[in-house]
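Note: the block below is entry-v5.pdb and it holds PDB, C-alpha atoms.
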ATOM      1  CA  MET A  14      -2.116 -58.434  81.820
ATOM      2  CA  LYS A  15      -1.383 -60.717  78.951
ATOM      3  CA  LYS A  16      -1.262 -58.837  75.701
ATOM      4  CA  ILE A  17      -2.190 -59.865  72.195
ATOM      5  CA  LEU A  18      -2.897 -58.151  68.968
ATOM      6  CA  MET A  19      -6.262 -56.627  68.226
ATOM      7  CA  PRO A  20      -6.667 -55.617  64.586
ATOM      8  CA  ALA A  21      -8.296 -53.520  62.094
ATOM      9  CA  MET A  22     -10.615 -54.359  59.269
ATOM     10  CA  LEU A  23     -11.646 -56.468  56.460
ATOM     11  CA  GLY A  24     -12.094 -60.970  57.422
ATOM     12  CA  ALA A  25     -12.227 -69.299  64.242
ATOM     13  CA  ALA A  26     -12.287 -65.803  65.760
ATOM     14  CA  LEU A  27     -15.812 -64.691  65.825
ATOM     15  CA  LEU A  28     -18.036 -66.284  63.186
ATOM     16  CA  ALA A  29     -19.431 -63.565  60.982
ATOM     17  CA  ALA A  30     -23.197 -63.512  60.643
ATOM     18  CA  PRO A  31     -24.321 -65.061  57.366
ATOM     19  CA  ALA A  32     -25.476 -62.875  54.522
ATOM     20  CA  THR A  33     -29.197 -62.293  54.329
ATOM     21  CA  PHE A  34     -29.551 -64.316  51.111
ATOM     22  CA  ALA A  35     -27.951 -67.220  49.328
ATOM     23  CA  LEU A  36     -24.756 -66.185  47.551
ATOM     24  CA  THR A  37     -24.068 -67.629  44.117
ATOM     25  CA  ALA A  38     -20.783 -67.724  42.245
ATOM     26  CA  PRO A  39     -20.278 -65.182  39.456
ATOM     27  CA  SER A  40     -20.355 -67.332  36.338
ATOM     28  CA  ALA A  41     -18.687 -64.940  33.935
ATOM     29  CA  PRO A  42     -17.099 -61.461  33.869
ATOM     30  CA  ALA A  43     -19.659 -58.688  33.964
ATOM     31  CA  SER A  44     -20.311 -56.832  30.736
ATOM     32  CA  GLU A  45     -17.989 -53.902  30.249
ATOM     33  CA  THR A  46     -20.949 -51.874  29.006
ATOM     34  CA  ALA A  47     -23.100 -52.571  32.051
ATOM     35  CA  LYS A  48     -23.497 -49.709  34.476
ATOM     36  CA  VAL A  49     -21.503 -49.874  37.693
ATOM     37  CA  VAL A  50     -23.903 -49.150  40.555
ATOM     38  CA  PRO A  51     -22.762 -48.257  44.109
ATOM     39  CA  TYR A  52     -24.366 -50.239  46.918
ATOM     40  CA  LYS A  53     -24.106 -48.569  50.325
ATOM     41  CA  VAL A  54     -22.494 -50.640  53.093
ATOM     42  CA  GLN A  55     -24.874 -51.259  56.004
ATOM     43  CA  PRO A  56     -22.777 -51.171  59.216
ATOM     44  CA  GLN A  57     -25.720 -52.364  61.326
ATOM     45  CA  LEU A  58     -26.025 -55.535  59.209
ATOM     46  CA  SER A  59     -22.300 -56.154  58.714
ATOM     47  CA  THR A  60     -19.868 -57.819  61.118
ATOM     48  CA  LEU A  61     -16.108 -57.900  61.643
ATOM     49  CA  GLY A  62     -14.470 -60.331  64.047
ATOM     50  CA  TRP A  63     -10.812 -60.747  64.922
ATOM     51  CA  GLU A  64      -8.552 -63.326  66.534
ATOM     52  CA  GLY A  65      -4.961 -62.825  67.660
ATOM     53  CA  LYS A  66      -2.595 -65.256  69.333
ATOM     54  CA  ALA A  67       0.613 -65.272  71.337
ATOM     55  CA  VAL A  68       2.821 -68.161  72.382
ATOM     56  CA  THR A  69       0.897 -68.746  75.622
ATOM     57  CA  HIS A  70      -2.551 -67.256  75.013
ATOM     58  CA  GLY A  71      -4.935 -65.578  72.603
ATOM     59  CA  HIS A  72      -7.912 -63.242  72.404
ATOM     60  CA  VAL A  73     -10.956 -62.728  70.194
ATOM     61  CA  GLY A  74     -13.194 -59.750  69.628
ATOM     62  CA  THR A  75     -15.059 -57.453  67.286
ATOM     63  CA  MET A  76     -14.759 -54.142  65.497
ATOM     64  CA  GLN A  77     -17.297 -52.091  63.555
ATOM     65  CA  PHE A  78     -17.539 -50.960  59.971
ATOM     66  CA  THR A  79     -18.442 -47.279  59.674
ATOM     67  CA  GLY A  80     -19.446 -47.289  56.032
ATOM     68  CA  GLY A  81     -18.292 -47.586  52.451
ATOM     69  CA  GLU A  82     -19.732 -49.034  49.270
ATOM     70  CA  LEU A  83     -19.628 -52.121  47.104
ATOM     71  CA  GLN A  84     -19.591 -51.488  43.365
ATOM     72  CA  VAL A  85     -21.907 -53.769  41.406
ATOM     73  CA  ASN A  86     -21.801 -54.417  37.662
ATOM     74  CA  GLY A  87     -24.824 -56.397  36.593
ATOM     75  CA  SER A  88     -25.030 -59.288  39.061
ATOM     76  CA  GLN A  89     -21.434 -59.100  40.258
ATOM     77  CA  ILE A  90     -19.387 -57.196  42.828
ATOM     78  CA  VAL A  91     -16.499 -55.579  40.938
ATOM     79  CA  GLY A  92     -15.034 -53.125  43.457
ATOM     80  CA  GLY A  93     -15.650 -51.004  46.493
ATOM     81  CA  THR A  94     -14.218 -49.592  49.688
ATOM     82  CA  VAL A  95     -14.997 -50.284  53.359
ATOM     83  CA  THR A  96     -13.945 -48.325  56.434
ATOM     84  CA  VAL A  97     -13.391 -49.670  59.950
ATOM     85  CA  ASP A  98     -13.657 -47.639  63.156
ATOM     86  CA  MET A  99     -10.426 -48.400  65.028
ATOM     87  CA  LYS A 100     -11.893 -46.948  68.212
ATOM     88  CA  SER A 101     -14.603 -49.628  68.234
ATOM     89  CA  MET A 102     -12.187 -52.403  69.323
ATOM     90  CA  LYS A 103     -13.622 -54.911  71.775
ATOM     91  CA  ALA A 104     -12.202 -58.109  73.253
ATOM     92  CA  THR A 105     -15.259 -60.303  73.747
ATOM     93  CA  ASP A 106     -13.392 -62.899  75.805
ATOM     94  CA  ILE A 107     -12.288 -60.393  78.485
ATOM     95  CA  THR A 108     -15.239 -60.008  80.828
ATOM     96  CA  ASP A 109     -13.641 -57.983  83.644
ATOM     97  CA  PRO A 110     -14.223 -54.286  82.835
ATOM     98  CA  ALA A 111     -10.895 -53.095  84.255
ATOM     99  CA  ASN A 112      -8.902 -55.718  82.347
ATOM    100  CA  HIS A 113     -10.847 -54.977  79.188
ATOM    101  CA  THR A 114     -10.139 -51.253  79.463
ATOM    102  CA  LYS A 115      -6.441 -51.948  80.038
ATOM    103  CA  PHE A 116      -6.215 -54.333  77.086
ATOM    104  CA  VAL A 117      -8.048 -52.058  74.654
ATOM    105  CA  GLY A 118      -5.994 -49.112  75.868
ATOM    106  CA  HIS A 119      -2.779 -50.906  75.004
ATOM    107  CA  MET A 120      -4.083 -52.005  71.597
ATOM    108  CA  SER A 121      -5.115 -48.405  70.918
ATOM    109  CA  SER A 122      -1.699 -47.020  71.875
ATOM    110  CA  ASP A 123       1.231 -46.346  69.568
ATOM    111  CA  ASP A 124       2.612 -49.808  70.439
ATOM    112  CA  PHE A 125      -0.112 -51.137  68.177
ATOM    113  CA  PHE A 126      -2.713 -49.155  66.228
ATOM    114  CA  GLY A 127      -2.238 -45.569  67.429
ATOM    115  CA  VAL A 128      -5.952 -44.872  67.074
ATOM    116  CA  GLU A 129      -5.785 -41.220  68.110
ATOM    117  CA  LYS A 130      -3.724 -40.470  65.007
ATOM    118  CA  TYR A 131      -5.187 -43.256  62.845
ATOM    119  CA  PRO A 132      -8.862 -43.572  63.864
ATOM    120  CA  THR A 133      -9.858 -45.591  60.798
ATOM    121  CA  SER A 134      -8.535 -48.377  58.591
ATOM    122  CA  THR A 135      -9.702 -48.972  55.037
ATOM    123  CA  PHE A 136      -9.833 -51.695  52.416
ATOM    124  CA  LYS A 137     -10.188 -50.796  48.731
ATOM    125  CA  ILE A 138     -11.126 -53.631  46.360
ATOM    126  CA  THR A 139      -9.127 -53.639  43.130
ATOM    127  CA  SER A 140     -10.371 -56.929  41.637
ATOM    128  CA  VAL A 141     -12.870 -59.732  42.224
ATOM    129  CA  LYS A 142     -12.093 -62.898  40.270
ATOM    130  CA  PRO A 143     -14.440 -65.928  40.181
ATOM    131  CA  ILE A 144     -13.089 -69.240  41.485
ATOM    132  CA  ALA A 145     -13.757 -71.843  38.796
ATOM    133  CA  GLY A 146     -15.794 -74.836  39.944
ATOM    134  CA  ALA A 147     -16.644 -73.383  43.353
ATOM    135  CA  ALA A 148     -19.246 -75.360  45.299
ATOM    136  CA  ALA A 149     -22.578 -73.730  46.077
ATOM    137  CA  ASN A 150     -21.800 -72.977  49.732
ATOM    138  CA  ALA A 151     -18.053 -72.378  49.357
ATOM    139  CA  ASP A 152     -15.903 -69.333  48.648
ATOM    140  CA  ASN A 153     -16.597 -68.409  45.045
ATOM    141  CA  ALA A 154     -14.246 -65.489  44.362
ATOM    142  CA  THR A 155     -10.764 -64.168  45.082
ATOM    143  CA  ILE A 156     -10.783 -60.578  46.295
ATOM    144  CA  THR A 157      -7.674 -58.440  45.875
ATOM    145  CA  GLY A 158      -7.272 -54.954  47.231
ATOM    146  CA  ASP A 159      -5.332 -52.364  49.185
ATOM    147  CA  LEU A 160      -5.526 -52.553  52.984
ATOM    148  CA  THR A 161      -4.484 -49.467  54.936
ATOM    149  CA  ILE A 162      -3.676 -49.781  58.641
ATOM    150  CA  LYS A 163      -1.901 -47.086  60.662
ATOM    151  CA  GLY A 164      -1.217 -45.105  57.498
ATOM    152  CA  VAL A 165       0.523 -48.008  55.716
ATOM    153  CA  THR A 166      -1.018 -49.584  52.609
ATOM    154  CA  GLN A 167      -0.359 -53.170  51.497
ATOM    155  CA  GLN A 168      -1.996 -55.296  48.806
ATOM    156  CA  ILE A 169      -3.705 -58.469  50.023
ATOM    157  CA  SER A 170      -5.731 -61.252  48.373
ATOM    158  CA  PHE A 171      -8.115 -63.747  49.942
ATOM    159  CA  PRO A 172     -11.011 -66.062  49.043
ATOM    160  CA  ALA A 173     -14.569 -65.029  49.868
ATOM    161  CA  LYS A 174     -18.187 -65.823  49.126
ATOM    162  CA  VAL A 175     -19.765 -62.970  47.187
ATOM    163  CA  GLY A 176     -23.140 -62.379  45.618
ATOM    164  CA  VAL A 177     -25.784 -59.894  44.538
ATOM    165  CA  LYS A 178     -29.539 -60.458  44.735
ATOM    166  CA  ASN A 179     -32.669 -58.324  45.017
ATOM    167  CA  GLY A 180     -30.822 -55.068  45.602
ATOM    168  CA  VAL A 181     -28.460 -56.522  48.228
ATOM    169  CA  ALA A 182     -24.742 -57.286  47.782
ATOM    170  CA  ALA A 183     -22.617 -59.193  50.271
ATOM    171  CA  ALA A 184     -19.100 -60.512  50.785
ATOM    172  CA  THR A 185     -18.269 -63.037  53.513
ATOM    173  CA  GLY A 186     -14.948 -64.665  54.389
ATOM    174  CA  LYS A 187     -11.799 -64.853  56.450
ATOM    175  CA  VAL A 188      -8.403 -63.264  55.851
ATOM    176  CA  THR A 189      -5.056 -63.573  57.648
ATOM    177  CA  ILE A 190      -3.058 -60.355  58.055
ATOM    178  CA  ASP A 191       0.676 -59.998  58.778
ATOM    179  CA  ARG A 192       0.716 -57.063  61.184
ATOM    180  CA  THR A 193       4.460 -56.452  60.797
ATOM    181  CA  LYS A 194       3.925 -55.335  57.187
ATOM    182  CA  PHE A 195       2.007 -52.388  58.614
ATOM    183  CA  GLY A 196       4.733 -51.462  61.097
ATOM    184  CA  LEU A 197       3.130 -53.229  64.087
ATOM    185  CA  LYS A 198       6.237 -54.924  65.441
ATOM    186  CA  TYR A 199       5.513 -54.877  69.187
ATOM    187  CA  GLY A 200       6.142 -58.322  70.693
ATOM    188  CA  SER A 201       7.159 -59.848  67.355
ATOM    189  CA  LYS A 202       9.772 -62.583  67.592
ATOM    190  CA  THR A 203      10.722 -61.802  64.003
ATOM    191  CA  PHE A 204      12.212 -58.524  65.228
ATOM    192  CA  PHE A 205      12.854 -59.289  68.918
ATOM    193  CA  ASP A 206      14.150 -62.854  69.090
ATOM    194  CA  SER A 207      14.978 -62.722  72.816
ATOM    195  CA  ILE A 208      11.403 -62.325  74.100
ATOM    196  CA  GLY A 209      10.754 -66.078  74.286
ATOM    197  CA  ASP A 210       7.268 -67.117  75.378
ATOM    198  CA  LYS A 211       6.178 -63.483  75.636
ATOM    199  CA  ALA A 212       6.114 -63.299  71.842
ATOM    200  CA  ILE A 213       2.952 -62.307  69.987
ATOM    201  CA  TYR A 214       2.455 -63.976  66.622
ATOM    202  CA  ASP A 215       2.897 -61.796  63.564
ATOM    203  CA  THR A 216      -0.454 -62.720  62.028
ATOM    204  CA  PHE A 217      -4.043 -62.199  63.073
ATOM    205  CA  ASP A 218      -7.313 -63.303  61.473
ATOM    206  CA  LEU A 219     -10.273 -61.198  60.414
ATOM    207  CA  THR A 220     -13.684 -62.777  59.827
ATOM    208  CA  PHE A 221     -16.030 -60.486  57.931
ATOM    209  CA  ASN A 222     -19.540 -60.244  56.560
ATOM    210  CA  VAL A 223     -20.122 -57.064  54.565
ATOM    211  CA  VAL A 224     -23.690 -56.311  53.517
ATOM    212  CA  ALA A 225     -24.557 -53.429  51.176
ATOM    213  CA  LYS A 226     -27.841 -52.198  49.719
ATOM    214  CA  GLN A 227     -28.704 -50.394  46.523
ATOM    215  CA  GLY A 228     -30.040 -46.881  46.747
TER     216      GLY A 228
END

Write-out of the structure in structure tokens:
Amino acid sequence: MKKILMPAMLGAALLAAPATFALTAPSAPASETAKVVPYKVQPQLSTLGWEGKAVTHGHVGTMQFTGGELQVNGSQIVGGTVTVDMKSMKATDITDPANHTKFVGHMSSDDFFGVEKYPTSTFKITSVKPIAGAAANADNATITGDLTIKGVTQQISFPAKVGVKNGVAAATGKVTIDRTKFGLKYGSKTFFDSIGDKAIYDTFDLTFNVVAKQG
């Protein structure tokens, strides 16, 4: 069976469901004296899609958030952590049950994510910086944080649309991950230059919509 990377976590794979309210750009840094309030991530309202490609083919699918929190200061998201269940991997474009089981089994093996030893991946937000002049329906912040996959932690940054309103906080966007930085080298032409058209690209995309509620 053709093989391609299935990822972990946080963000044309699978379009994440839109947040349940209109997101507005943070206009200024939150007050340092304002209280930071944790908003609980709602896995049933949040989505995580993935897309991976090889030289001759590609696959798309979903994974599930298990929980976490977004930290809110005033009307802005300022931090937080989300956790992804690595055993929830699905390839939505593989409809044959036997082929799906085989594919997910390989992605779950030590060749890729080693989910028996590393059942979760996490993303910890370290900063959220407003994007000056962002349009109303565009990404309005740059999120930076520490992504941990298969026990390896790397810092990543990506644009997203974030907002807080009526006791709900949300972050929506797309991020490209270089799997080789997390030790996932299987099928990588960067490390195995003789594999030709059997190569799997080093990067995969995550499309995410994280929704969290106060209290």

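What separates atom CA of A:Asn86 from atom CA of A:Gln55 is a distance of 18.9 Å.
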
What's around A:Val49 at 9 Å? Count all atoms listed in the file, leave out sequence neighbours fewer than 6 positions away in its own chain, and write the answer as an mmCIF file with C-alpha atoms, keeping the file's coordinate frame.
data_model
loop_
_atom_site.group_PDB
_atom_site.id
_atom_site.type_symbol
_atom_site.label_atom_id
_atom_site.label_comp_id
_atom_site.auth_asym_id
_atom_site.auth_seq_id
_atom_site.Cartn_x
_atom_site.Cartn_y
_atom_site.Cartn_z
ATOM 1 C CA GLN A 84 -19.591 -51.488 43.365
ATOM 2 C CA VAL A 85 -21.907 -53.769 41.406
ATOM 3 C CA ASN A 86 -21.801 -54.417 37.662
ATOM 4 C CA GLY A 87 -24.824 -56.397 36.593
ATOM 5 C CA VAL A 91 -16.499 -55.579 40.938
#

Set the distance at 6 Å and use all atoms listed in the file: which residues neighbour stretch 74-76 of chain A once local chain neighbours fewer than 5 positions away are removed? I'd like the list as a PyMOL selection string. chain A and resi 61-63+101-105

Would you mind exporting C-alpha atoms of the selected residues as a short mmCIF file (atom, residue, chain, number, x, y, z; two decimals), in the coordinates of the input?
data_model
loop_
_atom_site.label_atom_id
_atom_site.label_comp_id
_atom_site.auth_asym_id
_atom_site.auth_seq_id
_atom_site.Cartn_x
_atom_site.Cartn_y
_atom_site.Cartn_z
CA LEU A 61 -16.11 -57.90 61.64
CA GLY A 62 -14.47 -60.33 64.05
CA TRP A 63 -10.81 -60.75 64.92
CA SER A 101 -14.60 -49.63 68.23
CA MET A 102 -12.19 -52.40 69.32
CA LYS A 103 -13.62 -54.91 71.78
CA ALA A 104 -12.20 -58.11 73.25
CA THR A 105 -15.26 -60.30 73.75
#

What's around stretch 223-228 of chain A at 8 Å? Count only C-alpha atoms, leave out sequence neighbours fewer than 5 positions away in its own chain, and write the answer as a list in words.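 Once the adjacent positions are removed, what remains is Ala32, Val50, Pro51, Tyr52, Lys53, Val54, Gln55, Pro56, Leu58, Ser59, Thr60, Glu82, Leu83, Gly180, Val181, Ala182, Ala183, Ala184 and Thr185 of chain A.
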
Expected file: the selected residues, C-alpha atoms, as a PDB file, in the coordinates of the input:
ATOM      1  CA  ALA A  32     -25.476 -62.875  54.522  1.00  0.00           C
ATOM      2  CA  VAL A  50     -23.903 -49.150  40.555  1.00  0.00           C
ATOM      3  CA  PRO A  51     -22.762 -48.257  44.109  1.00  0.00           C
ATOM      4  CA  TYR A  52     -24.366 -50.239  46.918  1.00  0.00           C
ATOM      5  CA  LYS A  53     -24.106 -48.569  50.325  1.00  0.00           C
ATOM      6  CA  VAL A  54     -22.494 -50.640  53.093  1.00  0.00           C
ATOM      7  CA  GLN A  55     -24.874 -51.259  56.004  1.00  0.00           C
ATOM      8  CA  PRO A  56     -22.777 -51.171  59.216  1.00  0.00           C
ATOM      9  CA  LEU A  58     -26.025 -55.535  59.209  1.00  0.00           C
ATOM     10  CA  SER A  59     -22.300 -56.154  58.714  1.00  0.00           C
ATOM     11  CA  THR A  60     -19.868 -57.819  61.118  1.00  0.00           C
ATOM     12  CA  GLU A  82     -19.732 -49.034  49.270  1.00  0.00           C
ATOM     13  CA  LEU A  83     -19.628 -52.121  47.104  1.00  0.00           C
ATOM     14  CA  GLY A 180     -30.822 -55.068  45.602  1.00  0.00           C
ATOM     15  CA  VAL A 181     -28.460 -56.522  48.228  1.00  0.00           C
ATOM     16  CA  ALA A 182     -24.742 -57.286  47.782  1.00  0.00           C
ATOM     17  CA  ALA A 183     -22.617 -59.193  50.271  1.00  0.00           C
ATOM     18  CA  ALA A 184     -19.100 -60.512  50.785  1.00  0.00           C
ATOM     19  CA  THR A 185     -18.269 -63.037  53.513  1.00  0.00           C
TER      20      THR A 185
END

Expansion of the PyMOL selection byres ((chain A and resi 131) around 8) into residues, as a PyMOL selection string: chain A and resi 99+126-130+132-134+162-164

Atom CA of A:His119 to atom CA of A:Lys100, straight-line distance in Å: 12.0 Å

Name the residues captured by the PyMOL selection byres ((chain A and resi 107) around 12) when it is applied to the shown file; answer as a list in words.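 That selection, the PyMOL selection byres ((chain A and resi 107) around 12), comes back as Met14, Lys15, Lys16, Ile17, Gly71, His72, Val73, Gly74, Thr75, Lys103, Ala104, Thr105, Asp106, Thr108, Asp109, Pro110, Ala111, Asn112, His113, Thr114, Lys115, Phe116 and Val117 of chain A.
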